[in-house]
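Chemist: Input structure.cif, format and content: mmCIF, C-alpha atoms.
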```
data_query
loop_
_atom_site.label_atom_id
_atom_site.label_comp_id
_atom_site.auth_asym_id
_atom_site.auth_seq_id
_atom_site.Cartn_x
_atom_site.Cartn_y
_atom_site.Cartn_z
CA MET A 1 79.86 120.72 78.95
CA ASN A 2 78.65 123.92 80.65
CA ARG A 3 80.57 123.73 83.92
CA HIS A 4 84.18 124.06 85.00
CA LEU A 5 86.18 120.99 86.01
CA LEU A 6 85.78 119.69 89.53
CA PRO A 7 88.90 119.48 91.72
CA GLY A 8 89.23 115.73 91.22
CA GLU A 9 89.00 116.22 87.45
CA ILE A 10 91.73 118.87 87.66
CA ILE A 11 94.04 116.37 89.35
CA GLU A 12 93.16 113.68 86.80
CA ALA A 13 93.83 116.09 83.94
CA ALA A 14 97.10 117.24 85.49
CA THR A 15 98.25 113.64 85.82
CA ARG A 16 97.06 112.65 82.34
CA GLN A 17 94.44 110.19 83.57
CA LEU A 18 91.34 111.77 82.06
CA SER A 19 89.10 109.49 80.01
CA ASP A 20 85.92 111.62 79.79
CA TYR A 21 85.78 113.04 76.28
CA GLU A 22 83.34 115.77 77.31
CA VAL A 23 85.83 116.99 79.90
CA ILE A 24 88.67 116.79 77.39
CA GLY A 25 86.61 118.87 74.98
CA HIS A 26 85.93 121.46 77.67
CA LEU A 27 89.66 121.84 78.26
CA SER A 28 90.21 122.77 74.63
CA THR A 29 88.30 126.03 75.15
CA CYS A 30 88.45 126.86 78.89
CA GLU A 31 91.47 128.95 79.86
CA ARG A 32 90.43 128.97 83.54
CA CYS A 33 90.56 125.20 83.89
CA LYS A 34 93.77 124.95 81.87
CA ALA A 35 95.36 127.50 84.20
CA LYS A 36 94.32 125.50 87.26
CA ILE A 37 95.88 122.39 85.76
CA GLU A 38 99.16 124.23 85.18
CA GLN A 39 99.05 125.60 88.75
CA TYR A 40 98.62 122.12 90.17
CA ARG A 41 101.43 120.71 88.03
CA ALA A 42 103.79 123.51 89.08
CA THR A 43 102.95 123.26 92.77
CA ARG A 44 103.26 119.48 92.75
CA MET A 45 107.03 119.79 92.34
CA ALA A 46 107.16 121.39 95.79
CA VAL A 47 105.52 118.29 97.27
CA VAL A 48 107.97 115.55 98.17
CA PRO A 49 107.53 112.87 95.50
CA ALA A 50 106.72 109.34 96.48
CA GLY A 51 109.83 107.27 96.92
CA ALA A 52 111.64 108.21 93.75
CA THR A 53 114.96 109.88 92.99
CA GLN A 54 117.17 110.44 89.99
CA ALA A 55 118.68 107.02 90.71
CA SER A 56 115.32 105.32 90.08
CA ALA A 57 114.97 103.49 86.79
CA PRO A 58 113.35 105.70 84.11
CA GLY A 59 109.98 104.66 82.77
CA PRO A 60 109.29 104.02 79.08
CA ASP A 61 107.99 107.59 78.63
CA CYS A 62 110.72 109.40 80.59
CA PRO A 63 112.50 112.05 78.49
CA PRO A 64 116.29 112.30 78.21
CA MET A 65 118.10 114.20 80.97
CA GLU A 66 118.89 117.07 78.61
CA ARG A 67 115.20 117.79 78.05
CA LEU A 68 114.58 117.86 81.81
CA ALA A 69 117.54 120.19 82.21
CA PHE A 70 116.20 122.65 79.63
CA TYR A 71 112.81 122.54 81.35
CA SER A 72 114.52 123.31 84.66
CA ALA A 73 116.26 126.26 83.00
CA GLY A 74 112.88 127.81 82.16
CA HIS A 75 111.97 126.46 78.71
CA ARG A 76 108.19 125.92 78.56
CA ASP A 77 107.12 122.43 77.52
CA PRO A 78 103.43 121.63 78.23
CA GLU A 79 103.80 117.99 77.19
CA LEU A 80 106.74 117.52 79.55
CA ALA A 81 104.82 119.31 82.32
CA GLY A 82 102.11 116.68 81.99
CA HIS A 83 104.67 113.89 82.26
CA ILE A 84 106.27 115.46 85.35
CA ALA A 85 102.86 115.57 87.03
CA THR A 86 102.70 111.77 86.85
CA CYS A 87 106.36 110.71 87.16
CA ASP A 88 107.92 111.07 90.61
CA ARG A 89 111.42 110.41 89.25
CA CYS A 90 111.29 113.29 86.77
CA ALA A 91 109.53 115.58 89.27
CA TRP A 92 112.34 114.88 91.75
CA ILE A 93 115.03 115.67 89.16
CA VAL A 94 113.43 118.97 88.14
CA ARG A 95 112.71 120.02 91.70
CA ASP A 96 116.23 119.15 92.81
CA ALA A 97 117.76 121.04 89.89
CA LEU A 98 115.73 124.13 90.78
CA GLU A 99 116.59 123.91 94.48
CA ALA A 100 120.28 123.43 93.72
CA GLY A 101 120.46 126.99 92.50
CA THR A 102 118.78 128.70 95.48
CA GLU A 103 120.54 130.68 98.14
CA GLY A 104 118.54 129.07 100.94
CA ALA A 105 119.06 125.41 100.12
CA PRO A 106 121.46 124.03 102.77
CA LYS A 107 124.43 121.93 101.66
CA ARG A 108 123.65 122.52 97.97
CA ARG A 109 125.77 124.18 95.36
CA ARG A 110 125.20 127.81 94.36
CA LYS A 111 123.32 128.76 91.27
CA ARG A 112 124.79 127.01 88.26
CA ASN A 113 125.38 128.27 84.76
CA SER A 114 122.36 127.24 82.66
CA LEU A 115 124.68 126.19 79.81
CA LEU A 116 126.18 123.57 82.13
CA LEU A 117 122.87 122.46 83.62
CA PRO A 118 122.45 119.15 81.72
CA GLY A 119 125.79 117.78 82.91
CA MET A 120 125.35 119.21 86.39
CA VAL A 121 121.96 117.56 86.84
CA ALA A 122 123.37 114.23 85.68
CA GLY A 123 126.20 114.47 88.22
CA LEU A 124 124.12 115.80 91.11
CA VAL A 125 123.26 112.43 92.59
CA ILE A 126 126.95 111.43 92.70
CA VAL A 127 127.91 114.61 94.53
CA SER A 128 124.98 114.30 96.93
CA ALA A 129 125.84 110.69 97.74
CA GLY A 130 129.47 111.59 98.40
CA ALA A 131 128.51 114.49 100.68
CA PHE A 132 126.08 112.24 102.51
CA LEU A 133 128.73 109.59 103.17
CA LEU A 134 131.19 112.22 104.42
CA LEU A 135 128.74 114.08 106.65
CA ARG A 136 126.60 111.29 108.07
CA PRO A 137 126.85 110.69 111.83
CA PRO A 138 128.54 107.58 113.24
CA ALA A 139 126.46 104.43 112.94
CA LYS A 140 124.23 103.59 115.84
CA SER A 141 123.70 100.12 117.20
CA ALA A 142 121.18 98.26 115.05
CA GLU A 143 119.96 96.19 117.98
CA PRO A 144 118.34 98.00 120.92
CA LYS A 145 117.84 96.30 124.23
CA GLY A 146 115.31 93.45 124.13
CA VAL A 147 115.85 92.97 120.41
CA ASP A 148 113.50 89.97 119.98
CA THR A 149 110.58 91.58 121.81
CA ASN A 150 107.73 93.40 120.08
CA GLU A 151 109.04 96.64 121.58
CA GLY A 152 112.61 96.05 120.41
CA ILE A 153 111.60 95.16 116.85
CA THR A 154 109.12 98.05 116.70
CA GLU A 155 111.89 100.42 117.77
CA MET A 156 114.25 99.13 115.07
CA LEU A 157 111.61 99.48 112.35
CA ALA A 158 110.72 103.00 113.53
CA ARG A 159 114.40 103.98 113.47
CA ALA A 160 114.77 102.38 110.03
CA TYR A 161 111.83 104.37 108.68
CA SER A 162 113.17 107.64 110.12
CA GLU A 163 116.57 106.88 108.64
CA ILE A 164 115.62 105.75 105.15
CA ARG A 165 111.98 106.82 104.54
CA PRO A 166 111.78 105.31 101.06
CA PHE A 167 108.23 106.51 100.28
CA GLU A 168 105.77 109.30 100.95
CA TYR A 169 103.42 107.21 103.10
CA ARG A 170 103.96 107.56 106.84
CA LEU A 171 104.69 104.67 109.22
CA ASP A 172 105.61 104.61 112.91
CA ASP A 173 108.74 106.74 113.13
CA ALA A 174 111.48 107.89 115.46
CA GLY A 175 111.30 111.50 114.26
CA TYR A 176 110.55 113.36 111.03
CA ILE A 177 112.68 112.76 107.96
CA ALA A 178 112.20 113.69 104.33
CA ILE A 179 112.24 110.98 101.67
CA HIS A 180 115.75 109.60 101.20
CA PRO A 181 117.38 108.29 98.02
CA PRO A 182 117.77 104.51 97.75
CA ALA A 183 121.55 104.75 98.21
CA SER A 184 121.04 105.55 101.91
CA ASN A 185 118.75 102.62 102.64
CA ASP A 186 119.36 100.85 105.96
CA ARG A 187 122.95 102.06 106.33
CA ASN A 188 122.83 101.30 110.06
CA GLY A 189 121.25 97.87 109.59
CA PHE A 190 117.95 98.48 111.38
CA VAL A 191 115.84 96.58 108.84
CA ILE A 192 118.36 93.74 108.76
CA GLY A 193 118.43 93.61 112.55
CA ALA A 194 114.63 93.55 112.72
CA ALA A 195 114.45 90.83 110.05
CA ALA A 196 116.95 88.70 112.00
CA ALA A 197 114.96 89.09 115.20
CA LEU A 198 111.71 88.24 113.41
CA GLY A 199 113.34 85.18 111.88
CA ARG A 200 114.27 83.94 115.33
CA ARG A 201 110.72 84.62 116.56
CA GLN A 202 109.08 82.73 113.72
CA HIS A 203 111.53 79.83 113.98
CA ALA A 204 110.45 79.42 117.61
CA ASP A 205 106.74 79.85 116.78
CA PRO A 206 105.57 79.89 113.12
CA ASN A 207 102.12 81.08 114.24
CA ASP A 208 103.42 84.13 116.14
CA LEU A 209 100.92 86.69 114.80
CA ALA A 210 102.73 89.63 116.35
CA ALA A 211 105.89 88.65 114.48
CA ILE A 212 103.87 88.21 111.29
CA ALA A 213 102.45 91.74 111.64
CA LEU A 214 105.91 93.18 112.19
CA ARG A 215 107.24 91.22 109.21
CA GLY A 216 104.54 92.98 107.19
CA ARG A 217 105.91 96.37 108.22
CA ALA A 218 109.46 95.27 107.38
CA ALA A 219 108.22 94.14 103.95
CA LEU A 220 106.85 97.64 103.39
CA LEU A 221 110.25 99.15 104.10
CA LEU A 222 111.75 96.72 101.59
CA ASP A 223 109.16 97.74 98.95
CA ASP A 224 107.53 94.29 98.93
CA TYR A 225 103.95 95.53 99.19
CA GLN A 226 102.40 92.25 98.01
CA GLN A 227 104.12 90.29 100.78
CA ALA A 228 103.10 93.01 103.23
CA ILE A 229 99.45 92.68 102.19
CA THR A 230 99.55 88.90 102.68
CA LEU A 231 101.17 89.11 106.12
CA LEU A 232 99.18 92.06 107.46
CA THR A 233 95.84 90.63 106.30
CA ARG A 234 96.61 87.50 108.30
CA ALA A 235 97.63 89.43 111.44
CA LEU A 236 95.30 92.43 111.14
CA ASP A 237 93.62 91.99 114.52
CA VAL A 238 96.57 90.71 116.52
CA TRP A 239 96.51 93.84 118.73
CA PRO A 240 92.85 94.90 119.21
CA ASP A 241 93.79 98.23 120.80
CA ASP A 242 96.76 99.00 118.55
CA PRO A 243 95.92 100.46 115.11
CA THR A 244 99.38 99.88 113.67
CA PRO A 245 98.69 96.72 111.60
CA ARG A 246 95.60 98.36 110.09
CA ARG A 247 97.61 101.48 109.18
CA ASP A 248 100.38 99.32 107.75
CA LEU A 249 97.93 97.32 105.63
CA ALA A 250 96.48 100.59 104.33
CA GLY A 251 100.03 101.57 103.40
CA ALA A 252 100.63 98.33 101.50
CA LEU A 253 97.36 98.81 99.60
CA PHE A 254 98.29 102.44 98.91
CA MET A 255 101.59 101.36 97.38
CA ARG A 256 100.03 98.65 95.26
CA GLY A 257 97.36 101.08 94.11
CA GLN A 258 100.00 103.62 93.17
CA LYS A 259 102.36 101.23 91.38
CA GLU A 260 99.75 99.07 89.66
CA SER A 261 97.11 101.78 88.97
CA ARG A 262 94.45 100.11 91.14
CA PRO A 263 91.99 102.77 92.37
CA GLU A 264 90.12 100.12 94.37
CA ASP A 265 93.21 99.76 96.59
CA PHE A 266 93.08 103.45 97.48
CA GLU A 267 89.42 103.12 98.44
CA GLN A 268 90.16 100.10 100.64
CA ALA A 269 93.02 101.97 102.29
CA ILE A 270 90.67 104.90 102.97
CA LEU A 271 88.20 102.58 104.72
CA LEU A 272 90.95 101.13 106.90
CA LEU A 273 92.30 104.54 107.89
CA ARG A 274 88.83 105.91 108.62
CA LYS A 275 88.25 102.98 110.95
CA VAL A 276 91.53 103.74 112.74
CA LEU A 277 90.50 107.37 113.21
CA GLU A 278 87.05 106.39 114.45
CA GLN A 279 88.71 104.40 117.22
CA HIS A 280 91.72 106.71 117.71
CA PRO A 281 90.80 110.27 116.63
CA ALA A 282 94.19 111.67 117.74
CA ASP A 283 96.23 109.27 115.58
CA ARG A 284 98.41 111.72 113.62
CA ILE A 285 99.97 109.01 111.44
CA ALA A 286 96.55 107.81 110.26
CA SER A 287 95.45 111.42 109.71
CA PHE A 288 98.48 112.15 107.51
CA ASP A 289 98.06 108.92 105.54
CA LEU A 290 94.32 109.42 105.03
CA ALA A 291 94.90 112.90 103.59
CA LEU A 292 97.57 111.51 101.27
CA THR A 293 95.33 108.64 100.17
CA TYR A 294 92.38 110.95 99.47
CA GLU A 295 94.72 112.99 97.26
CA LYS A 296 95.96 109.96 95.33
CA ALA A 297 92.33 108.85 94.87
CA PHE A 298 91.55 112.25 93.25
CA ARG A 299 89.21 113.19 96.11
CA ALA A 300 90.59 116.71 96.29
CA ALA A 301 88.04 118.38 98.59
CA GLU A 302 88.26 115.57 101.16
CA ALA A 303 92.05 115.57 100.91
CA ALA A 304 92.24 119.32 101.53
CA GLN A 305 89.89 119.08 104.51
CA GLN A 306 91.95 116.25 105.98
CA TRP A 307 95.23 118.12 105.41
CA ARG A 308 93.80 121.20 107.14
CA GLY A 309 92.89 119.13 110.17
CA PHE A 310 96.29 117.49 110.20
CA VAL A 311 98.37 120.65 109.97
CA GLY A 312 96.22 122.32 112.61
CA ASP A 313 97.01 119.53 115.07
CA SER A 314 100.73 119.22 114.22
CA PRO A 315 102.42 122.48 115.32
CA GLY A 316 106.12 122.92 114.73
CA SER A 317 106.84 119.58 113.06
CA GLY A 318 108.36 118.58 109.74
CA TRP A 319 105.22 116.58 109.07
CA ARG A 320 103.22 119.79 109.33
CA VAL A 321 105.47 121.49 106.76
CA GLU A 322 105.02 118.55 104.41
CA GLY A 323 101.26 118.57 104.94
CA ASN A 324 101.15 122.29 104.15
CA ARG A 325 102.87 121.66 100.83
CA HIS A 326 100.19 119.18 99.85
CA LEU A 327 97.48 121.56 101.02
CA ALA A 328 98.95 124.44 99.00
CA ALA A 329 98.87 122.35 95.83
CA LEU A 330 95.27 121.34 96.40
CA GLU A 331 94.02 124.81 97.29
CA LYS A 332 95.18 126.10 93.94
CA ILE A 333 92.64 123.89 92.21
CA ILE A 334 89.81 124.03 94.76
CA ARG A 335 89.40 127.79 95.10
#
```
Output the structure of this file as structure tokens.

Modeler:
Amino acid sequence: MNRHLLPGEIIEAATRQLSDYEVIGHLSTCERCKAKIEQYRATRMAVVPAGATQASAPGPDCPPMERLAFYSAGHRDPELAGHIATCDRCAWIVRDALEAGTEGAPKRRRKRNSLLLPGMVAGLVIVSAGAFLLLRPPAKSAEPKGVDTNEGITEMLARAYSEIRPFEYRLDDAGYIAIHPPASNDRNGFVIGAAAALGRRQHADPNDLAAIALRGRAALLLDDYQQAITLLTRALDVWPDDPTPRRDLAGALFMRGQKESRPEDFEQAILLLRKVLEQHPADRIASFDLALTYEKAFRAAEAAQQWRGFVGDSPGSGWRVEGNRHLAALEKIIR
């Protein structure tokens, strides 16, 4: 092989999904490409991982907490770096351990003694959950005015997403929020309130396509992507001028593609989001999600181009900051 790896191949190599033996052979001798892989792996930890926290169940290949702690303390471990590039749970733990020792991290403890790091990392989620429960604002009403209307249910689901945001993918929101740990899910009952309203709607009319579409979005928030795909496929065109069901279906496909390693789902999600942007070029949610989906599909150049467009049109928002983190990771392997 007489060329350097392409950006998509860099991402595949960094996430241990390479199957091309010629490319693997090239990596055994090319320091430039190996350096780009390490850069991507390191920068990825600055990108908010997709819906995982320390509380998530470890996978069969996840290392013990002590090994992650030593890695966080600065011990080089190329094999573990490759695992972190693919495992959002372990990436979250390492990133959180590193941030816990910084001066600028709000509401986090000061830099810890590295000899105590394994135990401190293991206890971090308990401390964070306790601080969250003590500092959270008073609960809001879970049922806005007109609760059984499309507008009322849409508002509840948007508020639920902005309160819990259980995954990286973006849905209709009520303001930016970073990904939250599962322990904070639906503490104000917005998803439950929306589900109750949708139940009443469907009891009155089982063929209420608007309610079916909204049930699909609620299923996404409850991590039931297969149910979401079934419901949203049925109600995809319920609102001809509203792109939300199409975006939501793309999100359900994105999640299935991510959790079941189905690249064809990413490609289908890309087609859906492109269609949304053809009809609604200013749709910032679709723009964010398309950039994210390009990235997960290893289409690095297209992802970077989409992120650039998104951050340029999103001044002063948390979404822009998050988009810039993704862009920074990609630019390390594209340049």

Chemist: Could you work out how far atom CA of A:Arg262 lies from atom CA of A:Cys87, giving the answer in Å with one decimal?

Modeler: 16.4 Å

Chemist: Considering all atoms listed in the file, state which residue in the set A:Trp239, A:Phe298, A:Phe167, A:Phe190 is at the smallest distance from A:Ile10.

Modeler: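 Going through A:Trp239, A:Phe298, A:Phe167, A:Phe190 one by one, the smallest distance to A:Ile10 is for A:Phe298.
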
Chemist: Please evaluate the PyMOL selection byres ((chain A and resi 208-214) around 6) against the displayed coordinates and give the resulting residues as a list in words.

Modeler: Leu198, Asp205, Pro206, Asn207, Arg215, Gly216, Arg217, Leu231, Leu232 and Ala235 of chain A

Chemist: Selection from above, C-alpha atoms, as a short mmCIF file (atom, residue, chain, number, x, y, z; two decimals), in the coordinates of the input, can you write it?

Modeler:
```cif
data_model
loop_
_atom_site.label_atom_id
_atom_site.label_comp_id
_atom_site.auth_asym_id
_atom_site.auth_seq_id
_atom_site.Cartn_x
_atom_site.Cartn_y
_atom_site.Cartn_z
CA LEU A 198 111.71 88.24 113.41
CA ASP A 205 106.74 79.85 116.78
CA PRO A 206 105.57 79.89 113.12
CA ASN A 207 102.12 81.08 114.24
CA ARG A 215 107.24 91.22 109.21
CA GLY A 216 104.54 92.98 107.19
CA ARG A 217 105.91 96.37 108.22
CA LEU A 231 101.17 89.11 106.12
CA LEU A 232 99.18 92.06 107.46
CA ALA A 235 97.63 89.43 111.44
#
```

Chemist: Extract, using all atoms listed in the file, all DNA, RNA and protein residues at most 10 Å from stretch 158-162 of chain A, discarding same-chain residues fewer than 2 positions from it, and format them as a JSON list (two decimals) with C-alpha atoms, in the coordinates of the input.

Modeler:
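Wrote around_3.json, looks like this:
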```
[["chain", "number", "residue", "atom", "x", "y", "z"],
["A", 142, "ALA", "CA", 121.18, 98.26, 115.05],
["A", 152, "GLY", "CA", 112.61, 96.05, 120.41],
["A", 153, "ILE", "CA", 111.60, 95.16, 116.85],
["A", 154, "THR", "CA", 109.12, 98.05, 116.70],
["A", 155, "GLU", "CA", 111.89, 100.42, 117.77],
["A", 156, "MET", "CA", 114.25, 99.13, 115.07],
["A", 164, "ILE", "CA", 115.62, 105.75, 105.15],
["A", 165, "ARG", "CA", 111.98, 106.82, 104.54],
["A", 166, "PRO", "CA", 111.78, 105.31, 101.06],
["A", 167, "PHE", "CA", 108.23, 106.51, 100.28],
["A", 170, "ARG", "CA", 103.96, 107.56, 106.84],
["A", 171, "LEU", "CA", 104.69, 104.67, 109.22],
["A", 172, "ASP", "CA", 105.61, 104.61, 112.91],
["A", 173, "ASP", "CA", 108.74, 106.74, 113.13],
["A", 174, "ALA", "CA", 111.48, 107.89, 115.46],
["A", 175, "GLY", "CA", 111.30, 111.50, 114.26],
["A", 176, "TYR", "CA", 110.55, 113.36, 111.03],
["A", 177, "ILE", "CA", 112.68, 112.76, 107.96],
["A", 178, "ALA", "CA", 112.20, 113.69, 104.33],
["A", 179, "ILE", "CA", 112.24, 110.98, 101.67],
["A", 180, "HIS", "CA", 115.75, 109.60, 101.20],
["A", 185, "ASN", "CA", 118.75, 102.62, 102.64],
["A", 186, "ASP", "CA", 119.36, 100.85, 105.96],
["A", 187, "ARG", "CA", 122.95, 102.06, 106.33],
["A", 188, "ASN", "CA", 122.83, 101.30, 110.06],
["A", 189, "GLY", "CA", 121.25, 97.87, 109.59],
["A", 190, "PHE", "CA", 117.95, 98.48, 111.38],
["A", 191, "VAL", "CA", 115.84, 96.58, 108.84],
["A", 192, "ILE", "CA", 118.36, 93.74, 108.76],
["A", 193, "GLY", "CA", 118.43, 93.61, 112.55],
["A", 194, "ALA", "CA", 114.63, 93.55, 112.72],
["A", 217, "ARG", "CA", 105.91, 96.37, 108.22],
["A", 218, "ALA", "CA", 109.46, 95.27, 107.38],
["A", 220, "LEU", "CA", 106.85, 97.64, 103.39],
["A", 221, "LEU", "CA", 110.25, 99.15, 104.10]]
```

Chemist: Record the distance separating atom CA of A:Asp248 and atom CA of A:Ala91, expressed in Å with one decimal.

Modeler: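 If I compute the distance from atom CA of A:Asp248 to atom CA of A:Ala91, I get 26.3 Å.
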
Chemist: Evaluating the PyMOL selection byres ((chain A and resi 267) around 12) on the displayed file yields which residues, as a PDB file with C-alpha atoms, keeping the file's coordinate frame?

Modeler:
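Output (expr.pdb):
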```
ATOM      1  CA  ALA A 250      96.480 100.590 104.330  1.00  0.00           C
ATOM      2  CA  GLY A 251     100.030 101.570 103.400  1.00  0.00           C
ATOM      3  CA  LEU A 253      97.360  98.810  99.600  1.00  0.00           C
ATOM      4  CA  PHE A 254      98.290 102.440  98.910  1.00  0.00           C
ATOM      5  CA  ARG A 256     100.030  98.650  95.260  1.00  0.00           C
ATOM      6  CA  GLY A 257      97.360 101.080  94.110  1.00  0.00           C
ATOM      7  CA  GLN A 258     100.000 103.620  93.170  1.00  0.00           C
ATOM      8  CA  ARG A 262      94.450 100.110  91.140  1.00  0.00           C
ATOM      9  CA  PRO A 263      91.990 102.770  92.370  1.00  0.00           C
ATOM     10  CA  GLU A 264      90.120 100.120  94.370  1.00  0.00           C
ATOM     11  CA  ASP A 265      93.210  99.760  96.590  1.00  0.00           C
ATOM     12  CA  PHE A 266      93.080 103.450  97.480  1.00  0.00           C
ATOM     13  CA  GLN A 268      90.160 100.100 100.640  1.00  0.00           C
ATOM     14  CA  ALA A 269      93.020 101.970 102.290  1.00  0.00           C
ATOM     15  CA  ILE A 270      90.670 104.900 102.970  1.00  0.00           C
ATOM     16  CA  LEU A 271      88.200 102.580 104.720  1.00  0.00           C
ATOM     17  CA  LEU A 272      90.950 101.130 106.900  1.00  0.00           C
ATOM     18  CA  LEU A 273      92.300 104.540 107.890  1.00  0.00           C
ATOM     19  CA  ARG A 274      88.830 105.910 108.620  1.00  0.00           C
ATOM     20  CA  LEU A 290      94.320 109.420 105.030  1.00  0.00           C
ATOM     21  CA  THR A 293      95.330 108.640 100.170  1.00  0.00           C
ATOM     22  CA  TYR A 294      92.380 110.950  99.470  1.00  0.00           C
ATOM     23  CA  GLU A 295      94.720 112.990  97.260  1.00  0.00           C
ATOM     24  CA  LYS A 296      95.960 109.960  95.330  1.00  0.00           C
ATOM     25  CA  ALA A 297      92.330 108.850  94.870  1.00  0.00           C
ATOM     26  CA  PHE A 298      91.550 112.250  93.250  1.00  0.00           C
ATOM     27  CA  ARG A 299      89.210 113.190  96.110  1.00  0.00           C
TER      28      ARG A 299
END
```
